[in-house]
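Visitor: Structure incoming, see below.
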Amino acid sequence: MNRPTLSRGLLALLVILPTLSHAQQDSPPAGYPQYNGYPQPGYQPPPQGYPQQGYPQPGYQPPPGSQPPPQQYPNQQYPAQPYPNQQYPNQPYPNQPGAQPYPNQPYPGYQPPPSVQPGQQPYGYPAPYPSQPSASPYPADPQSPTAQPPKPPTDAKLTLTSPSEEAKAALSSCLDAMDNFRYELVRLRCGEAIEKDDKLAFAHALLAQLSNLPLVQKRHITAAKEITRQVSEGERLFTEGLLALAEDQRQVARAAFEALVGQLPGDKHAHHYRGLIRYRFGDLDGAQADFRRALELDAKFGPAHNALGHLSLRKDSVDDAAKAFAKYVELAPKEANAHDSLAMLHLRKGDLGFAVESAHKAIELDPKFLRGNLRLGDALLLQGNLLQARKAYAVVMASPDPSEHHEAALRLARSRLYEGLGVPNQKSLTDAEKDLQSELEWTKRLHRRADQVQTLTEIARLQLERSAVVDAAKTLVAVRELLESTESPASPEKPEGKPEGKPEGKADAAKPVDKSLADKAAPTLTEEDKARYRAELLWLRALLLHAVGERELAVGLADEIEKTVRGKLGQRMAEDLRGDLAARSSNRQLVVKHLSQSTRATSRLALALALGGGKPGEQLDMPKARTLMEELSRRNTIDTEGALTRGRAKQWLKQNPPDKT
């Protein structure tokens, strides 16, 4: 290129630069003609009134004596329709229904005029689609298939990222242990994986699930977030979901596992964990679909059978649960959790001997599997072997996990109400309350607010049962203060100058503190937990008001419960309260009206007493009352509801035999 030509090119560039931004807004993408108004070589501009494309403007009249302008391309007829839609270049041309999109050639039948040089395109016709993307200031069409990210293959599975094969093997074993609730094995295998490769964010996320010690859990969460190694998208989403669960961010976790299934549609773990989070949110149908999909991908995946069994129990499908748990044991005969699930099923069915046998099997396979001791204690307690049941609970109370310790402590207190005939009396209620008071002090020292609220709620119920209204009022005030408090629970601090775990004071000397347990703290109460406990608090306040003669105020709190817990659950809870208050007022007709559809054990006991009460011949429905009492006498869930109803139902059946009726 000589100098004069270069100067003219620079001058042209300076002229068109100010219009570049405007052209970017309305011009089509690369590969389409540039409608910028500049003529092609050899073009003669039309007279005033004609646009650049050669069409006369509407209403234009040529001046008298003027000659019509020559057509730009005399051998080619212009199309009857407008030019292609510049905003949507994928629109067919011509713009008529049924027209075909642009082919990879110029408009059919077009012959370029002599003035057009080879490789150039005249105005109005698209250039052939380029075989390679050309540099262009125009963004890609967002509706074009090329702008969408490629979909993962349907058989995409989780890929673990690590230069160490030993680390990947240990991490995979850690994930399998987590699937089967083998928490001690999780800590062992994930620890081995981190020793082999300290850049495993996934391993830290798994350990964060089990770390109740705030500092340890925070360390794992921080380590996982600070690791910058590039990993597969599936591993990243899996890690993000686990960390969100550890931080109690349930909605974030749910979104992460939803995305994980989209990224790894062929991975059983992705569907299994999304099913678990759906189960936690109450989406039972969605959870069931995920567990079944996991089994379609791997029919020998035992944890999915286990999850289906628990889901079936929640739906009261005992037969389906039996099939699922039996398959779990068949696939993993040496898995402690499989036999523990089978023990739970036997408890639900009332087969106490088989429950004891399955629980013993779980403990034999893994002595550190403490959940087996909980199940063993329940079965022994229902058999009437209180001493051995309390020994099993005591084993769990020595656990380094405060959640397991708390659950065993509540069961130990409830076991007091199963002594003798199992009918709560003043002594058994007082002894159970003492056990709960001891657990309350334990939860305070560990700053476990959720456990404090649960323990106080049970204490208040027992105090109302033994008519200690003043004590119950003080307890309910403490519950309300905990629910209204916005202060985050602090981690317990170890006193300086004393070794970890050393007992302090008389209360500590009576109950040694495990050094790994003393500093653990529970997460804060979620809004869902607060709503549930507020409703329970209103219930107990209503019972307290009724006990002191304020019956109208007590009934009014049922409306408050409906406002606190929205939907059918709140309505059902309010009806149960109205029926309970009617029973305390000896209004049998109102009891039947409010409690006929109740599933709460204490409400069903009140309904049975109303149906079968009164003088001979005045019973409302004795057969139904007997049916309800038989169900309650076989109820095998060790909770406060069962502790307050099971023995009373058995006593009623003994006092009202069928022949006497």
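The way I read the labels, and the way they are meant: chains A, B, ... in the order of the structure tokens, residue 1 as the first residue of every chain, and ligand 1 as the first ligand shown, with later ones counted on from there.
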Which residues are near Trp652 of chain A? Cut-off 10 Å, only C-alpha atoms, ignore same chain within fewer than 3 positions. Put them as a PDB file with C-alpha atoms, in the first residue's frame.
Guide:
ATOM      1  CA  ALA A 608     -60.738 -42.544  73.848  1.00  0.00           C
ATOM      2  CA  LEU A 609     -61.585 -41.514  77.421  1.00  0.00           C
ATOM      3  CA  GLY A 612     -65.622 -44.768  76.643  1.00  0.00           C
ATOM      4  CA  ARG A 626     -61.082 -49.782  72.801  1.00  0.00           C
ATOM      5  CA  MET A 629     -56.506 -47.646  73.576  1.00  0.00           C
ATOM      6  CA  GLU A 630     -55.058 -50.756  71.940  1.00  0.00           C
ATOM      7  CA  SER A 633     -50.753 -49.448  74.312  1.00  0.00           C
ATOM      8  CA  GLY A 647     -49.105 -46.988  80.482  1.00  0.00           C
ATOM      9  CA  ARG A 648     -52.485 -45.284  80.914  1.00  0.00           C
ATOM     10  CA  ALA A 649     -53.865 -47.033  77.825  1.00  0.00           C
ATOM     11  CA  GLN A 655     -59.920 -52.162  83.860  1.00  0.00           C
ATOM     12  CA  ASN A 656     -62.306 -52.495  80.916  1.00  0.00           C
ATOM     13  CA  PRO A 657     -62.023 -56.052  79.559  1.00  0.00           C
TER      14      PRO A 657
END
Visitor: Just asking: which residues within segment 269-463 of chain A are helix (DSSP H, G or I) according to DSSP, as an MDAnalysis selection string?
Guide: chainID A and resid 269:280 284:297 302:314 318:331 336:349 352:365 371:383 386:397 402:418 426:445 449:463
Visitor: My list of candidates is A:Ala193, A:Leu276, A:Ala398, A:Arg566. Which is closest to Glu165 of chain A when distances are computed with only C-alpha atoms?
Guide: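 Result for the nearest residue to Glu165 of chain A: A:Ala193.
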Visitor: Would you kindly return, as a ChimeraX atom specification, each protein, DNA or RNA residue with an atom no farther than 12 Å from any atom of Ala177 of chain A, considering only C-alpha atoms and excluding same-chain residues fewer than 6 positions away?
Guide: /A:170-171,183-190,206-207,302-303,335-337,369
Visitor: Considering only C-alpha atoms, return as a PyMOL selection string whatever protein or nucleic-acid residues lie within 10 Å of segment 428-433 of chain A, sequence-local ones (same chain, fewer than 4 positions apart) excluded.
Guide: chain A and resi 410-420+422-424+437-439+455-456+458-463+465-466+644
Visitor: Dump C-alpha atoms for the selected residues as a compact mmCIF listing (two decimals), in the first residue's frame?
Guide:
# COMPACT_ATOMS: atom_id res chain seq x y z
CA LEU A 410 -33.99 -37.35 77.15
CA ARG A 411 -34.66 -41.08 76.79
CA LEU A 412 -33.14 -41.77 80.19
CA ALA A 413 -35.51 -39.23 81.78
CA ARG A 414 -38.54 -40.62 79.95
CA SER A 415 -37.68 -44.14 81.06
CA ARG A 416 -38.76 -43.10 84.57
CA LEU A 417 -42.35 -42.92 83.33
CA TYR A 418 -42.28 -46.53 82.17
CA GLU A 419 -41.61 -47.98 85.64
CA GLY A 420 -44.11 -50.35 87.18
CA GLY A 422 -46.05 -47.32 83.21
CA VAL A 423 -48.65 -44.91 84.62
CA PRO A 424 -46.99 -41.60 85.53
CA GLN A 437 -32.87 -30.55 85.08
CA SER A 438 -29.44 -32.20 85.02
CA GLU A 439 -29.50 -32.25 81.21
CA THR A 455 -35.44 -29.69 77.55
CA LEU A 456 -37.35 -26.81 79.15
CA GLU A 458 -40.42 -31.25 78.41
CA ILE A 459 -39.84 -30.05 81.97
CA ALA A 460 -42.87 -27.75 81.73
CA ARG A 461 -45.09 -30.60 80.52
CA LEU A 462 -44.07 -32.77 83.45
CA GLN A 463 -44.63 -29.90 85.89
CA GLU A 465 -48.79 -33.13 84.83
CA ARG A 466 -48.01 -33.01 88.55
CA LEU A 644 -47.68 -40.04 79.09
Visitor: For Tyr328 of chain A, which of A:Arg314, A:Ala224, A:Asn180, A:Gly350 is the closest residue, counting only C-alpha atoms?
Guide: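 Smallest distance to Tyr328 of chain A is found for A:Asn180.
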Visitor: For segment 370-384 of chain A, list every protein, DNA or RNA residue within 7 Å, evaluated using only C-alpha atoms, and leave out those in the same chain fewer than 6 positions away; present the list as a list of chain:residue names.
Guide: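 Within the cut-off, the hits are A:Asp340, A:Ala343, A:Met344, A:Leu347, A:Leu352, A:Ala355, A:Val356, A:Ala359, A:His360, A:Ala362, A:Ile363, A:Arg390, A:Ala392, A:Tyr393, A:Val396, A:Ala408, A:Ile638.
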Visitor: What does the file look like for those residues with N, CA and C atoms, as a PDB file, in the first residue's frame?
Guide:
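After the write, out.pdb holds the following:
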ATOM      1  N   ASP A 340     -29.363 -51.559  62.174  1.00  0.00           N
ATOM      2  CA  ASP A 340     -30.022 -50.574  63.031  1.00  0.00           C
ATOM      3  C   ASP A 340     -31.366 -50.165  62.433  1.00  0.00           C
ATOM      4  N   ALA A 343     -33.778 -52.846  63.097  1.00  0.00           N
ATOM      5  CA  ALA A 343     -34.235 -52.799  64.495  1.00  0.00           C
ATOM      6  C   ALA A 343     -35.332 -51.753  64.665  1.00  0.00           C
ATOM      7  N   MET A 344     -35.196 -50.622  64.002  1.00  0.00           N
ATOM      8  CA  MET A 344     -36.225 -49.593  64.076  1.00  0.00           C
ATOM      9  C   MET A 344     -37.550 -50.107  63.512  1.00  0.00           C
ATOM     10  N   LEU A 347     -39.207 -52.370  65.978  1.00  0.00           N
ATOM     11  CA  LEU A 347     -39.826 -51.569  67.040  1.00  0.00           C
ATOM     12  C   LEU A 347     -41.170 -51.023  66.587  1.00  0.00           C
ATOM     13  N   LEU A 352     -40.483 -56.812  69.572  1.00  0.00           N
ATOM     14  CA  LEU A 352     -39.421 -56.338  70.447  1.00  0.00           C
ATOM     15  C   LEU A 352     -38.237 -57.293  70.496  1.00  0.00           C
ATOM     16  N   ALA A 355     -36.217 -56.756  67.499  1.00  0.00           N
ATOM     17  CA  ALA A 355     -35.572 -55.449  67.605  1.00  0.00           C
ATOM     18  C   ALA A 355     -34.305 -55.531  68.441  1.00  0.00           C
ATOM     19  N   VAL A 356     -34.375 -56.237  69.564  1.00  0.00           N
ATOM     20  CA  VAL A 356     -33.194 -56.412  70.411  1.00  0.00           C
ATOM     21  C   VAL A 356     -32.106 -57.153  69.649  1.00  0.00           C
ATOM     22  N   ALA A 359     -30.512 -54.847  66.980  1.00  0.00           N
ATOM     23  CA  ALA A 359     -29.690 -53.811  67.602  1.00  0.00           C
ATOM     24  C   ALA A 359     -28.371 -54.402  68.109  1.00  0.00           C
ATOM     25  N   HIS A 360     -28.424 -55.586  68.714  1.00  0.00           N
ATOM     26  CA  HIS A 360     -27.193 -56.256  69.157  1.00  0.00           C
ATOM     27  C   HIS A 360     -26.273 -56.528  67.965  1.00  0.00           C
ATOM     28  N   ALA A 362     -26.021 -54.826  65.169  1.00  0.00           N
ATOM     29  CA  ALA A 362     -25.406 -53.570  64.742  1.00  0.00           C
ATOM     30  C   ALA A 362     -24.230 -53.197  65.639  1.00  0.00           C
ATOM     31  N   ILE A 363     -24.395 -53.374  66.942  1.00  0.00           N
ATOM     32  CA  ILE A 363     -23.321 -53.025  67.883  1.00  0.00           C
ATOM     33  C   ILE A 363     -22.139 -53.978  67.737  1.00  0.00           C
ATOM     34  N   ARG A 390     -31.355 -48.557  80.632  1.00  0.00           N
ATOM     35  CA  ARG A 390     -30.623 -47.376  81.082  1.00  0.00           C
ATOM     36  C   ARG A 390     -29.125 -47.542  80.884  1.00  0.00           C
ATOM     37  N   ALA A 392     -27.800 -49.076  78.334  1.00  0.00           N
ATOM     38  CA  ALA A 392     -27.587 -48.785  76.914  1.00  0.00           C
ATOM     39  C   ALA A 392     -27.619 -47.277  76.659  1.00  0.00           C
ATOM     40  N   TYR A 393     -28.543 -46.566  77.298  1.00  0.00           N
ATOM     41  CA  TYR A 393     -28.593 -45.112  77.138  1.00  0.00           C
ATOM     42  C   TYR A 393     -27.340 -44.452  77.710  1.00  0.00           C
ATOM     43  N   VAL A 396     -24.499 -44.206  75.284  1.00  0.00           N
ATOM     44  CA  VAL A 396     -24.630 -43.129  74.297  1.00  0.00           C
ATOM     45  C   VAL A 396     -24.364 -41.769  74.942  1.00  0.00           C
ATOM     46  N   ALA A 408     -29.895 -39.318  74.196  1.00  0.00           N
ATOM     47  CA  ALA A 408     -29.869 -40.379  75.202  1.00  0.00           C
ATOM     48  C   ALA A 408     -30.329 -39.861  76.564  1.00  0.00           C
ATOM     49  N   ILE A 638     -40.296 -43.784  71.841  1.00  0.00           N
ATOM     50  CA  ILE A 638     -39.922 -43.316  73.178  1.00  0.00           C
ATOM     51  C   ILE A 638     -39.833 -41.787  73.155  1.00  0.00           C
TER      52      ILE A 638
END
Visitor: Could you tell me how far atom CA of Asp529 of chain A lies from atom CA of Ala450 of chain A, in Å and to one decimal?
Guide: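 About the pair atom CA of Asp529 of chain A and atom CA of Ala450 of chain A: they are 8.2 Å apart.
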